[in-house]
>>> print(open('my_file.txt').read())   # compact mmCIF, C-alpha atoms and all ligand atoms
# COMPACT_ATOMS: atom_id res chain seq x y z
CA MET A 136 5.70 -6.90 8.06
CA SER A 137 2.70 -5.31 6.41
CA LEU A 138 0.99 -4.59 9.75
CA GLN A 139 4.07 -2.89 11.21
CA GLY A 140 3.16 0.61 12.41
CA LYS A 141 -0.43 0.41 11.17
CA HIS A 142 -3.06 2.15 13.25
CA ILE A 143 -6.03 -0.17 13.77
CA VAL A 144 -9.31 0.84 15.41
CA LEU A 145 -10.87 -2.34 16.80
CA GLY A 146 -14.60 -2.11 17.49
CA ILE A 147 -15.95 -4.68 19.96
CA THR A 148 -19.68 -5.31 20.46
CA GLY A 149 -21.88 -7.39 22.76
CA SER A 150 -21.27 -10.93 21.61
CA ILE A 151 -19.84 -13.97 23.36
CA ALA A 152 -17.18 -13.95 20.62
CA ALA A 153 -15.73 -10.82 22.29
CA TYR A 154 -13.28 -13.16 24.05
CA LYS A 155 -11.67 -13.70 20.64
CA SER A 156 -10.98 -9.95 20.41
CA ALA A 157 -8.37 -10.36 23.13
CA VAL A 158 -6.47 -12.84 20.92
CA LEU A 159 -6.96 -10.56 17.92
CA ILE A 160 -5.37 -7.63 19.78
CA ARG A 161 -2.40 -9.78 20.87
CA LEU A 162 -1.74 -10.99 17.33
CA LEU A 163 -2.05 -7.50 15.85
CA VAL A 164 0.25 -5.98 18.48
CA LYS A 165 2.78 -8.80 17.93
CA LYS A 166 2.85 -7.90 14.24
CA GLY A 167 3.72 -4.30 15.14
CA ALA A 168 0.27 -2.70 14.79
CA GLU A 169 -1.09 -0.09 17.20
CA VAL A 170 -4.59 -1.02 18.33
CA GLN A 171 -7.18 1.38 19.71
CA VAL A 172 -10.21 -0.40 21.14
CA VAL A 173 -13.65 1.20 20.93
CA ILE A 174 -16.21 -0.95 22.76
CA THR A 175 -20.00 -0.66 22.96
CA PRO A 176 -21.72 -0.63 26.38
CA ALA A 177 -23.00 -4.18 25.67
CA GLY A 178 -19.47 -5.30 24.72
CA LYS A 179 -18.29 -4.50 28.25
CA GLU A 180 -20.71 -7.13 29.59
CA PHE A 181 -18.68 -9.76 27.73
CA ILE A 182 -15.07 -8.63 28.18
CA THR A 183 -13.57 -6.08 30.53
CA PRO A 184 -11.85 -2.87 29.40
CA VAL A 185 -9.02 -3.75 31.82
CA THR A 186 -8.15 -6.87 29.79
CA LEU A 187 -8.38 -4.96 26.54
CA SER A 188 -6.32 -1.95 27.62
CA ALA A 189 -3.64 -4.24 29.12
CA LEU A 190 -3.33 -6.09 25.80
CA SER A 191 -3.49 -3.04 23.54
CA GLY A 192 -1.44 -0.76 25.77
CA ARG A 193 -3.99 2.01 25.30
CA PRO A 194 -7.00 3.15 27.32
CA VAL A 195 -10.21 1.64 25.93
CA ILE A 196 -12.76 4.10 24.57
CA SER A 197 -16.43 3.46 25.18
CA GLU A 198 -18.27 6.64 26.15
CA PHE A 199 -18.52 9.96 24.32
CA PHE A 200 -16.98 11.67 27.36
CA ALA A 201 -14.49 10.46 29.99
CA ALA A 202 -16.48 9.93 33.19
CA GLY A 203 -13.89 11.49 35.52
CA ASN A 204 -13.15 14.86 33.95
CA GLY A 205 -15.73 15.16 31.16
CA SER A 206 -13.08 15.36 28.41
CA TRP A 207 -14.35 14.51 24.96
CA HIS A 208 -13.30 11.38 23.05
CA SER A 209 -12.87 12.56 19.48
CA HIS A 210 -14.28 10.15 16.93
CA VAL A 211 -13.12 12.60 14.26
CA GLU A 212 -9.50 12.24 15.36
CA LEU A 213 -9.84 8.45 15.44
CA GLY A 214 -11.18 8.57 11.88
CA LEU A 215 -8.05 10.43 10.79
CA TRP A 216 -5.62 8.37 12.93
CA ALA A 217 -6.63 4.94 11.62
CA ASN A 218 -5.22 3.01 8.68
CA LEU A 219 -8.06 0.52 9.14
CA MET A 220 -11.12 -0.09 11.30
CA ILE A 221 -12.41 -3.56 12.08
CA VAL A 222 -15.51 -4.41 14.09
CA ALA A 223 -14.94 -7.90 15.50
CA PRO A 224 -17.21 -9.30 16.75
CA ALA A 225 -20.01 -7.40 15.03
CA THR A 226 -23.51 -8.18 16.32
CA ALA A 227 -26.73 -7.98 14.28
CA ALA A 228 -27.59 -4.78 16.20
CA THR A 229 -24.27 -3.06 15.38
CA ILE A 230 -24.42 -4.16 11.75
CA GLY A 231 -27.95 -2.71 11.56
CA LYS A 232 -26.85 0.55 13.15
CA MET A 233 -23.84 0.85 10.84
CA ALA A 234 -25.99 0.18 7.78
CA ASN A 235 -28.47 2.86 8.84
CA GLY A 236 -26.22 5.44 10.49
CA ILE A 237 -27.80 5.13 13.94
CA ALA A 238 -25.01 6.86 15.86
CA ASP A 239 -26.10 6.24 19.44
CA ASN A 240 -22.75 5.02 20.72
CA MET A 241 -19.06 5.83 20.33
CA LEU A 242 -18.40 2.90 18.01
CA ILE A 243 -20.97 3.99 15.43
CA THR A 244 -19.94 7.66 15.56
CA THR A 245 -16.34 6.52 15.03
CA TYR A 246 -17.50 4.47 12.03
CA LEU A 247 -19.28 7.51 10.59
CA SER A 248 -16.09 9.60 10.90
CA MET A 249 -13.82 6.86 9.54
CA LYS A 250 -11.61 7.79 6.58
CA ALA A 251 -9.85 4.40 6.50
CA PRO A 252 -11.20 1.13 5.04
CA VAL A 253 -13.66 -0.66 7.35
CA PHE A 254 -14.04 -4.41 7.94
CA VAL A 255 -16.70 -6.23 9.97
CA ALA A 256 -16.55 -9.79 11.28
CA PRO A 257 -20.13 -10.78 12.17
CA ALA A 258 -20.81 -13.09 15.12
CA MET A 259 -24.29 -14.16 16.15
CA ASP A 260 -26.64 -17.08 16.42
CA LEU A 261 -27.59 -18.78 13.12
CA ASP A 262 -31.21 -17.53 13.09
CA ARG A 263 -30.12 -13.93 13.54
CA TYR A 264 -27.36 -14.31 10.95
CA ARG A 265 -29.63 -15.64 8.22
CA HIS A 266 -32.55 -13.34 9.10
CA ILE A 267 -33.63 -11.29 6.12
CA SER A 268 -33.03 -8.00 7.97
CA THR A 269 -29.45 -8.99 8.95
CA GLN A 270 -28.70 -10.13 5.40
CA ARG A 271 -30.19 -6.89 4.01
CA ASN A 272 -27.99 -4.85 6.37
CA ILE A 273 -24.90 -6.88 5.43
CA GLU A 274 -25.62 -6.27 1.75
CA LYS A 275 -26.10 -2.56 2.50
CA LEU A 276 -22.74 -2.41 4.26
CA LYS A 277 -21.06 -4.15 1.33
CA SER A 278 -22.55 -1.66 -1.09
CA ASP A 279 -21.29 1.13 1.19
CA GLY A 280 -17.77 -0.26 0.66
CA VAL A 281 -17.41 -2.11 3.98
CA GLN A 282 -15.55 -5.43 3.72
CA VAL A 283 -17.56 -8.17 5.38
CA ILE A 284 -15.60 -11.16 6.70
CA ASP A 285 -18.11 -13.94 6.27
CA ALA A 286 -19.05 -15.76 9.50
CA ALA A 287 -17.81 -19.35 9.78
CA GLU A 288 -19.91 -22.51 10.31
CA GLY A 289 -19.72 -24.62 13.44
CA GLU A 290 -20.95 -24.89 16.98
CA LEU A 291 -22.48 -21.68 18.30
CA ALA A 292 -22.82 -20.35 21.85
CA SER A 293 -26.40 -21.64 21.84
CA HIS A 294 -24.93 -25.13 21.18
CA LEU A 295 -26.75 -25.12 17.86
CA GLU A 296 -24.71 -25.89 14.74
CA GLY A 297 -24.68 -23.42 11.88
CA LYS A 298 -23.28 -20.27 10.34
CA GLY A 299 -22.60 -17.38 12.70
CA ARG A 300 -19.20 -17.97 14.34
CA MET A 301 -16.80 -15.04 14.19
CA GLU A 302 -13.86 -15.84 11.91
CA GLU A 303 -10.80 -17.00 13.88
CA PRO A 304 -8.39 -14.18 14.88
CA GLU A 305 -5.46 -15.88 13.07
CA ASN A 306 -7.41 -15.85 9.81
CA ILE A 307 -8.49 -12.24 10.31
CA VAL A 308 -4.89 -11.16 10.90
CA SER A 309 -3.65 -12.95 7.79
CA LEU A 310 -6.45 -11.34 5.76
CA LEU A 311 -5.45 -7.88 7.03
CA GLU A 312 -1.79 -8.62 6.29
CA ARG A 313 -2.67 -9.53 2.72
CA PHE A 314 -4.84 -6.42 2.48
CA PHE A 315 -1.95 -4.12 3.42
CA ALA A 316 0.65 -6.09 1.43
CA ALA A 317 -1.42 -5.63 -1.74
CA GLY A 318 -1.10 -1.84 -1.53
CA ASN A 319 -4.66 -1.36 -0.37
CA ASP A 320 -3.79 1.26 2.22
CA LEU A 321 -3.96 4.70 0.69
CA CYS A 322 -4.74 6.46 3.99
CA LYS A 323 -2.94 9.79 4.40
CA LYS A 324 -2.57 10.03 0.61
CA LYS A 325 -4.17 12.78 -1.43
CA ILE A 326 -5.07 11.79 -4.98
CA LEU A 327 -6.37 13.99 -7.78
CA ILE A 328 -8.49 12.45 -10.54
CA THR A 329 -9.81 14.19 -13.64
CA ALA A 330 -12.86 12.60 -15.25
CA GLY A 331 -15.55 12.97 -17.85
CA PRO A 332 -15.79 15.12 -20.97
CA THR A 333 -15.38 18.87 -21.24
CA TYR A 334 -17.93 21.15 -22.90
CA GLU A 335 -16.63 24.07 -24.91
CA ARG A 336 -19.34 26.65 -25.44
CA ILE A 337 -20.11 27.90 -28.94
CA ASP A 338 -23.09 30.02 -27.93
CA PRO A 339 -25.55 29.95 -25.00
CA VAL A 340 -27.17 26.70 -26.23
CA ARG A 341 -24.44 24.80 -28.10
CA PHE A 342 -21.11 23.27 -27.21
CA ILE A 343 -18.32 21.05 -28.51
CA GLY A 344 -18.16 17.91 -26.40
CA ASN A 345 -17.35 14.22 -26.62
CA PHE A 346 -18.81 10.85 -25.72
CA SER A 347 -16.87 10.34 -22.47
CA SER A 348 -19.25 9.13 -19.75
CA GLY A 349 -16.87 9.69 -16.81
CA LYS A 350 -17.44 6.08 -15.66
CA MET A 351 -13.75 5.13 -15.60
CA GLY A 352 -12.71 8.21 -13.63
CA PHE A 353 -15.57 7.80 -11.15
CA ALA A 354 -14.66 4.12 -10.66
CA LEU A 355 -11.04 5.16 -9.98
CA ALA A 356 -12.19 7.78 -7.48
CA GLU A 357 -14.39 5.28 -5.64
CA GLU A 358 -11.48 2.81 -5.54
CA CYS A 359 -8.97 5.35 -4.16
CA ALA A 360 -11.52 6.62 -1.63
CA SER A 361 -12.42 3.15 -0.40
CA ARG A 362 -8.70 2.52 0.24
CA GLY A 363 -8.65 5.58 2.48
CA ALA A 364 -7.24 8.25 0.16
CA GLU A 365 -8.45 11.82 0.31
CA THR A 366 -9.70 11.91 -3.26
CA ILE A 367 -10.38 15.05 -5.27
CA LEU A 368 -12.46 14.28 -8.35
CA ILE A 369 -12.50 17.09 -10.90
CA THR A 370 -15.18 16.18 -13.37
CA GLY A 371 -16.65 17.59 -16.53
CA PRO A 372 -20.42 17.43 -17.08
CA THR A 373 -21.86 14.02 -16.17
CA ALA A 374 -24.90 12.80 -14.26
CA LEU A 375 -22.85 10.17 -12.38
CA PRO A 376 -22.95 10.25 -8.56
CA ALA A 377 -19.80 10.13 -6.40
CA THR A 378 -20.94 8.63 -3.14
CA HIS A 379 -17.90 7.87 -0.99
CA PRO A 380 -17.34 10.37 1.85
CA ASN A 381 -13.60 10.50 1.06
CA ILE A 382 -14.35 12.00 -2.36
CA ARG A 383 -14.42 15.77 -2.79
CA ARG A 384 -16.10 16.45 -6.09
CA VAL A 385 -15.31 19.56 -8.10
CA ASP A 386 -17.68 20.10 -11.03
CA VAL A 387 -16.35 21.99 -14.02
CA GLU A 388 -17.55 22.51 -17.56
CA SER A 389 -14.70 23.51 -19.88
CA ALA A 390 -11.07 22.46 -20.29
CA ASN A 391 -9.97 25.86 -18.96
CA GLU A 392 -12.02 25.43 -15.80
CA MET A 393 -10.64 21.90 -15.33
CA TYR A 394 -7.11 23.24 -15.84
CA ASP A 395 -7.58 26.02 -13.24
CA ALA A 396 -9.02 23.61 -10.66
CA ALA A 397 -6.32 20.96 -11.27
CA LEU A 398 -3.49 23.50 -11.15
CA LYS A 399 -4.66 24.72 -7.75
CA ILE A 400 -4.97 21.24 -6.23
CA PHE A 401 -2.09 19.32 -7.85
CA PRO A 402 0.83 20.73 -5.78
CA GLN A 403 -0.62 19.29 -2.54
CA THR A 404 -1.26 15.81 -3.95
CA ASP A 405 0.71 12.55 -3.82
CA ALA A 406 -0.63 11.33 -7.15
CA ALA A 407 -2.83 12.39 -10.05
CA ILE A 408 -4.74 10.25 -12.53
CA PHE A 409 -5.83 11.99 -15.70
CA SER A 410 -8.81 10.10 -17.08
CA ALA A 411 -10.76 13.09 -18.43
CA ALA A 412 -11.38 13.36 -22.16
CA VAL A 413 -10.39 16.99 -22.48
CA ALA A 414 -11.34 18.85 -25.65
CA ASP A 415 -8.18 19.76 -27.54
CA TYR A 416 -9.75 22.92 -28.99
CA ARG A 417 -12.39 25.47 -28.07
CA PRO A 418 -14.15 28.16 -30.11
CA GLU A 419 -11.99 31.26 -30.34
CA GLN A 420 -15.01 33.32 -29.35
CA MET A 421 -18.20 32.36 -27.64
CA SER A 422 -21.17 34.13 -29.12
CA GLY A 423 -23.23 35.91 -26.48
CA GLU A 424 -26.40 35.19 -28.44
CA LYS A 425 -27.71 32.06 -30.10
CA ILE A 426 -26.15 31.85 -33.58
CA LYS A 427 -28.90 32.02 -36.19
CA ARG A 428 -28.94 30.03 -39.39
CA SER A 429 -28.56 32.79 -41.97
CA GLY A 430 -28.84 30.88 -45.21
CA LYS A 431 -27.22 28.05 -47.05
CA GLU A 432 -23.67 29.34 -47.00
CA LYS A 433 -20.96 27.40 -45.15
CA PHE A 434 -20.42 28.18 -41.50
CA ALA A 435 -16.86 28.16 -40.18
CA LEU A 436 -15.94 28.08 -36.52
CA SER A 437 -12.48 29.27 -35.57
CA LEU A 438 -10.93 27.03 -32.88
CA ILE A 439 -7.98 27.68 -30.60
CA PRO A 440 -6.03 25.07 -28.56
CA ASN A 441 -6.96 24.29 -24.97
CA PRO A 442 -4.30 23.85 -22.29
CA ASP A 443 -3.00 20.31 -21.95
CA ILE A 444 -3.69 19.72 -18.26
CA ALA A 445 -1.64 16.55 -17.89
CA ALA A 446 1.36 17.95 -19.78
CA SER A 447 1.33 21.22 -17.81
CA LEU A 448 1.19 19.44 -14.47
CA GLY A 449 3.83 16.96 -15.70
CA LYS A 450 6.20 19.95 -15.98
CA ILE A 451 5.71 21.06 -12.37
CA LYS A 452 5.62 17.53 -10.93
CA LYS A 453 7.85 17.12 -7.87
CA PRO A 454 9.94 14.03 -7.03
CA GLY A 455 7.71 11.52 -5.26
CA GLN A 456 4.60 12.72 -7.05
CA LEU A 457 3.10 10.07 -9.28
CA THR A 458 1.07 10.73 -12.43
CA VAL A 459 -0.97 8.31 -14.50
CA GLY A 460 -2.52 9.09 -17.87
CA PHE A 461 -4.89 7.46 -20.30
CA ALA A 462 -4.50 6.89 -24.00
CA LEU A 463 -7.46 5.96 -26.15
CA GLU A 464 -5.97 4.98 -29.46
CA THR A 465 -7.20 3.68 -32.81
CA ASN A 466 -3.87 2.86 -34.48
CA ASN A 467 -0.20 2.23 -33.51
CA GLU A 468 -1.63 1.99 -30.02
CA GLU A 469 1.47 1.13 -28.00
CA SER A 470 3.93 3.45 -29.66
CA ASN A 471 1.45 6.35 -29.52
CA ALA A 472 0.80 5.68 -25.84
CA MET A 473 4.54 5.47 -25.02
CA LYS A 474 5.08 8.77 -26.83
CA LYS A 475 2.28 10.35 -24.81
CA MET A 476 3.80 9.04 -21.58
CA GLU A 477 7.11 10.76 -22.44
CA GLU A 478 5.53 14.01 -23.57
CA LYS A 479 3.32 14.32 -20.49
CA ASN A 480 5.85 12.93 -18.00
CA PHE A 481 3.55 10.12 -16.79
CA ASP A 482 4.87 7.24 -14.67
CA CYS A 483 2.29 4.90 -16.14
CA ILE A 484 -0.23 5.11 -18.96
CA VAL A 485 -3.45 3.17 -19.30
CA LEU A 486 -3.98 2.18 -22.90
CA ASN A 487 -7.38 1.29 -24.24
CA SER A 488 -7.94 0.69 -27.88
CA LEU A 489 -11.14 1.61 -29.67
CA ASN A 490 -10.51 -1.55 -31.69
CA ASP A 491 -11.32 -3.70 -28.65
CA LYS A 492 -15.01 -4.57 -28.30
CA GLY A 493 -16.48 -3.28 -25.04
CA ALA A 494 -13.56 -0.91 -24.33
CA GLY A 495 -13.52 2.86 -24.13
CA PHE A 496 -16.22 5.52 -24.16
CA GLY A 497 -19.66 4.92 -22.71
CA HIS A 498 -19.24 1.19 -22.02
CA ASP A 499 -19.51 -0.29 -18.52
CA THR A 500 -16.50 -2.45 -19.35
CA ASN A 501 -12.91 -1.74 -20.35
CA LYS A 502 -9.97 -3.69 -21.72
CA ILE A 503 -6.77 -2.05 -20.63
CA THR A 504 -3.04 -2.48 -20.92
CA LEU A 505 -0.77 -0.69 -18.47
CA LEU A 506 2.51 0.61 -19.87
CA PHE A 507 5.27 1.71 -17.51
CA ARG A 508 8.14 4.14 -17.95
CA ASP A 509 10.79 1.40 -18.13
CA GLY A 510 8.96 -0.49 -20.87
CA GLY A 511 7.08 -2.77 -18.46
CA LYS A 512 3.76 -3.92 -19.83
CA GLN A 513 0.73 -5.47 -18.14
CA PRO A 514 -2.28 -6.45 -20.26
CA TYR A 515 -5.67 -7.29 -18.68
CA THR A 516 -8.81 -9.02 -19.93
CA LEU A 517 -12.14 -7.27 -20.56
CA LYS A 518 -13.58 -6.31 -17.16
CA SER A 519 -16.10 -3.97 -15.57
CA LYS A 520 -14.74 -0.46 -15.12
CA GLY A 521 -14.86 -1.03 -11.35
CA GLU A 522 -12.61 -4.10 -11.70
CA ALA A 523 -10.32 -2.27 -14.13
CA ALA A 524 -10.02 0.57 -11.60
CA LYS A 525 -8.92 -1.96 -8.94
CA ASP A 526 -6.27 -3.33 -11.34
CA ILE A 527 -4.94 0.15 -12.08
CA ILE A 528 -4.76 1.18 -8.42
CA ASP A 529 -3.25 -2.19 -7.41
CA ALA A 530 -0.55 -1.90 -10.05
CA VAL A 531 0.24 1.74 -9.43
CA PHE A 532 0.38 1.56 -5.63
CA SER A 533 1.33 -2.05 -4.89
CA PRO A 534 4.54 -2.23 -2.85
CA THR A 535 5.16 -5.72 -4.22
CA LEU A 536 5.11 -4.72 -7.87
CA SER A 537 8.46 -5.00 -9.57
CA TYR A 538 8.02 -2.05 -11.94
CA PRO A 539 10.25 0.98 -11.34
CA ILE A 540 7.17 3.08 -10.69
CA ARG A 541 7.86 2.11 -7.08
CA SER A 542 10.93 4.30 -7.03
CA ASN A 543 8.75 7.33 -7.49
CA ILE A 544 6.31 6.86 -4.64
CA LYS A 545 6.79 6.39 -0.95
CA ILE A 546 4.68 3.61 0.49
CA PRO A 547 4.26 3.96 4.26
O1 LIG A 601 -5.98 13.66 -25.59
P1 LIG A 601 -4.77 12.78 -25.32
O2 LIG A 601 -4.86 11.46 -25.99
O3 LIG A 601 -3.49 13.50 -25.53
O4 LIG A 601 -4.90 12.46 -23.76
C1 LIG A 601 -3.92 11.70 -23.10
C2 LIG A 601 -3.93 12.04 -21.64
O5 LIG A 601 -3.77 13.43 -21.42
C3 LIG A 601 -5.19 11.66 -20.88
O6 LIG A 601 -4.74 11.17 -19.64
C4 LIG A 601 -5.94 12.98 -20.73
O7 LIG A 601 -6.75 13.02 -19.57
C5 LIG A 601 -4.82 13.99 -20.66
N1 LIG A 601 -5.17 15.31 -21.25
C6 LIG A 601 -5.24 16.43 -20.44
N2 LIG A 601 -5.50 17.67 -21.01
C7 LIG A 601 -5.71 17.79 -22.32
C8 LIG A 601 -5.65 16.64 -23.16
C9 LIG A 601 -5.38 15.42 -22.58
O8 LIG A 601 -5.09 16.32 -19.21
N3 LIG A 601 -5.96 18.98 -22.85
>>> encode(input="my_file.txt", output="structure tokens")
Amino acid sequence: MSLQGKHIVLGITGSIAAYKSAVLIRLLVKKGAEVQVVITPAGKEFITPVTLSALSGRPVISEFFAAGNGSWHSHVELGLWANLMIVAPATAATIGKMANGIADNMLITTYLSMKAPVFVAPAMDLDRYRHISTQRNIEKLKSDGVQVIDAAEGELASHLEGKGRMEEPENIVSLLERFFAAGNDLCKKKILITAGPTYERIDPVRFIGNFSSGKMGFALAEECASRGAETILITGPTALPATHPNIRRVDVESANEMYDAALKIFPQTDAAIFSAAVADYRPEQMSGEKIKRSGKEKFALSLIPNPDIAASLGKIKKPGQLTVGFALETNNEESNAMKKMEEKNFDCIVLNSLNDKGAGFGHDTNKITLLFRDGGKQPYTLKSKGEAAKDIIDAVFSPTLSYPIRSNIKIP
């Protein structure tokens, strides 16, 4: 059922394994998916567009322009239409072009415009597969967030035995089914994430800040983006990069700036995750000049409260909008976190305790417990922040999860 109605862009390249693409299309269509084939010029030497369009029920796209009337094939529209793109079979040449952005055919331009998650299923002779340049390009694709379906071992078209066979269509389909069933598809969703610390200026050279690194929020943004969500990352000052093309980064400095940016964006979003460590107070007045040390007398700074971004947005939250907060606690962790969830109208709160080694500010790891509105509780072991981000997004968006959080969000 998880492939029902899904829009799949199937890229086909010049490999003898292109005959398997015909089976792949049939299986995907049988499961209710809509398949749009984009084939490279070399691919057409191995399988005809007539076969592919008959099986997919859609004209096959290969050129930038339709030969007859010169109309343009929009790779941008395909990038927005798809829930997933898979290149199967993917040759060494196409993998190399994808890894390096060499957009000299319709398939690569489509890849560069793709908002949805991308898979590749390599197929090539064993020497080409294990060649250092192919392996380097595969690693590059993986680090770009592409999911690589490892080639299988066996007899190759050259009659040599080894690794390089395209994975069987049945296995690819079951992998994609599991991918969608696990809530991995966040295409067409717009998600707001706040991250990092805020800086509250005292004078032109000093501020009140905190030790938040922004790593957890950035990991969450990368995770949402790689699942196809249009992700808006509002971040306080941090040197971290946000690399995924689905992330729109908004840099702010103070809590007030973060509040203004979040308030503007929140109404159009499907979900918001508040991971920023927002300063609770700011100096009542910012001195226009550097404050001088005048003597030994005490120096008092008058502080006024900052807006609570999460609580304010919790008040204007619409049905169907999902909000997730964080609680970093030192004592009475669970009851404090539950209280926070109520006060700020969260659907789920991520609790991390400063008492856990390796959890919280600055670390590359985190040990989290998810608490849900109905009292549901899901503890996790110490993991990298990237892994913890996967757990959070899985739990919050998984259609198979039994928590009532499901009632608040519409999964396509
Ligand atoms: O600071 P506190 O523990 O109350 O933070 C809990 C949650 O509220 C976090 O998700 C944090 O990002 C959010 N928050 C906020 N604006 C504030 C304070 C906290 O959005 N001014």
>>> closest_residue(input="my_file.txt", among="A:Ala234, A:Ala256, A:Ile284, A:Val531", to="Asn272 in chain A", atoms="only C-alpha atoms")
A:Ala234
>>> closest_atom_pairs(input="my_file.txt", of="chain A", to="ligand LIG 601 (chain A)", cutoff="6 Å", atoms="only C-alpha atoms and all ligand atoms", output="tab-separated table")
residue	atom	partner	partner_atom	distance
A:Phe409	CA	A:LIG601	O7	4.1
A:Ser410	CA	A:LIG601	O7	4.4
A:Ala411	CA	A:LIG601	O7	4.2
A:Ala412	CA	A:LIG601	O7	5.3
A:Val413	CA	A:LIG601	C7	4.8
A:Asp415	CA	A:LIG601	N3	5.2
A:Asn441	CA	A:LIG601	N3	5.8
A:Pro442	CA	A:LIG601	N3	5.2
A:Asp443	CA	A:LIG601	N3	3.4
A:Ile444	CA	A:LIG601	O8	3.8
A:Ala445	CA	A:LIG601	O8	3.7
A:Gly460	CA	A:LIG601	O6	3.5
A:Phe461	CA	A:LIG601	O6	3.8
A:Ala462	CA	A:LIG601	C1	4.9
>>> write_last_selection(input="my_file.txt", atoms="C-alpha atoms", output="PDB file, keeping the file's coordinate frame")
ATOM      1  CA  PHE A 409      -5.830  11.990 -15.700  1.00  0.00           C
ATOM      2  CA  SER A 410      -8.810  10.100 -17.080  1.00  0.00           C
ATOM      3  CA  ALA A 411     -10.760  13.090 -18.430  1.00  0.00           C
ATOM      4  CA  ALA A 412     -11.380  13.360 -22.160  1.00  0.00           C
ATOM      5  CA  VAL A 413     -10.390  16.990 -22.480  1.00  0.00           C
ATOM      6  CA  ASP A 415      -8.180  19.760 -27.540  1.00  0.00           C
ATOM      7  CA  ASN A 441      -6.960  24.290 -24.970  1.00  0.00           C
ATOM      8  CA  PRO A 442      -4.300  23.850 -22.290  1.00  0.00           C
ATOM      9  CA  ASP A 443      -3.000  20.310 -21.950  1.00  0.00           C
ATOM     10  CA  ILE A 444      -3.690  19.720 -18.260  1.00  0.00           C
ATOM     11  CA  ALA A 445      -1.640  16.550 -17.890  1.00  0.00           C
ATOM     12  CA  GLY A 460      -2.520   9.090 -17.870  1.00  0.00           C
ATOM     13  CA  PHE A 461      -4.890   7.460 -20.300  1.00  0.00           C
ATOM     14  CA  ALA A 462      -4.500   6.890 -24.000  1.00  0.00           C
TER      15      ALA A 462
END
>>> residues_around(input="my_file.txt", residues="Pro376 in chain A", least_positions_apart="5", cutoff="10 Å", atoms="all atoms listed in the file", output="PyMOL selection string")
chain A and resi 350+353+384
>>> residues_around(input="my_file.txt", residues="Asp338 in chain A", least_positions_apart="2", cutoff="7 Å", atoms="all atoms listed in the file", output="list of chain:residue names")
A:Arg336, A:Val340, A:Arg341, A:Met421, A:Ser422, A:Gly423, A:Glu424, A:Lys425, A:Ile426
>>> residues_around(input="my_file.txt", residues="Ser248 in chain A", least_positions_apart="2", cutoff="6 Å", atoms="only C-alpha atoms", output="JSON, numbers by chain")
{"A": [211, 214, 245, 246]}
>>> residues_around(input="my_file.txt", residues="range 296-311 of chain A", least_positions_apart="5", cutoff="8 Å", atoms="only C-alpha atoms", output="short mmCIF file (atom, residue, chain, number, x, y, z; two decimals) with C-alpha atoms, keeping the file's coordinate frame")
data_model
loop_
_atom_site.label_atom_id
_atom_site.label_comp_id
_atom_site.auth_asym_id
_atom_site.auth_seq_id
_atom_site.Cartn_x
_atom_site.Cartn_y
_atom_site.Cartn_z
CA LEU A 138 0.99 -4.59 9.75
CA ALA A 152 -17.18 -13.95 20.62
CA LYS A 155 -11.67 -13.70 20.64
CA SER A 156 -10.98 -9.95 20.41
CA VAL A 158 -6.47 -12.84 20.92
CA LEU A 159 -6.96 -10.56 17.92
CA LEU A 162 -1.74 -10.99 17.33
CA LEU A 163 -2.05 -7.50 15.85
CA ALA A 223 -14.94 -7.90 15.50
CA PRO A 224 -17.21 -9.30 16.75
CA ALA A 256 -16.55 -9.79 11.28
CA PRO A 257 -20.13 -10.78 12.17
CA ALA A 258 -20.81 -13.09 15.12
CA MET A 259 -24.29 -14.16 16.15
CA ASP A 260 -26.64 -17.08 16.42
CA LEU A 261 -27.59 -18.78 13.12
CA TYR A 264 -27.36 -14.31 10.95
CA ILE A 284 -15.60 -11.16 6.70
CA ASP A 285 -18.11 -13.94 6.27
CA ALA A 286 -19.05 -15.76 9.50
CA ALA A 287 -17.81 -19.35 9.78
CA GLU A 288 -19.91 -22.51 10.31
CA GLY A 289 -19.72 -24.62 13.44
CA GLU A 290 -20.95 -24.89 16.98
CA LEU A 291 -22.48 -21.68 18.30
#
>>> atom_distance(input="my_file.txt", atom1="CA of Ala396 in chain A", atom2="CA of Pro339 in chain A")
22.8 Å
>>> atom_distance(input="my_file.txt", atom1="CA of Ser209 in chain A", atom2="CA of Ala238 in chain A")
13.9 Å
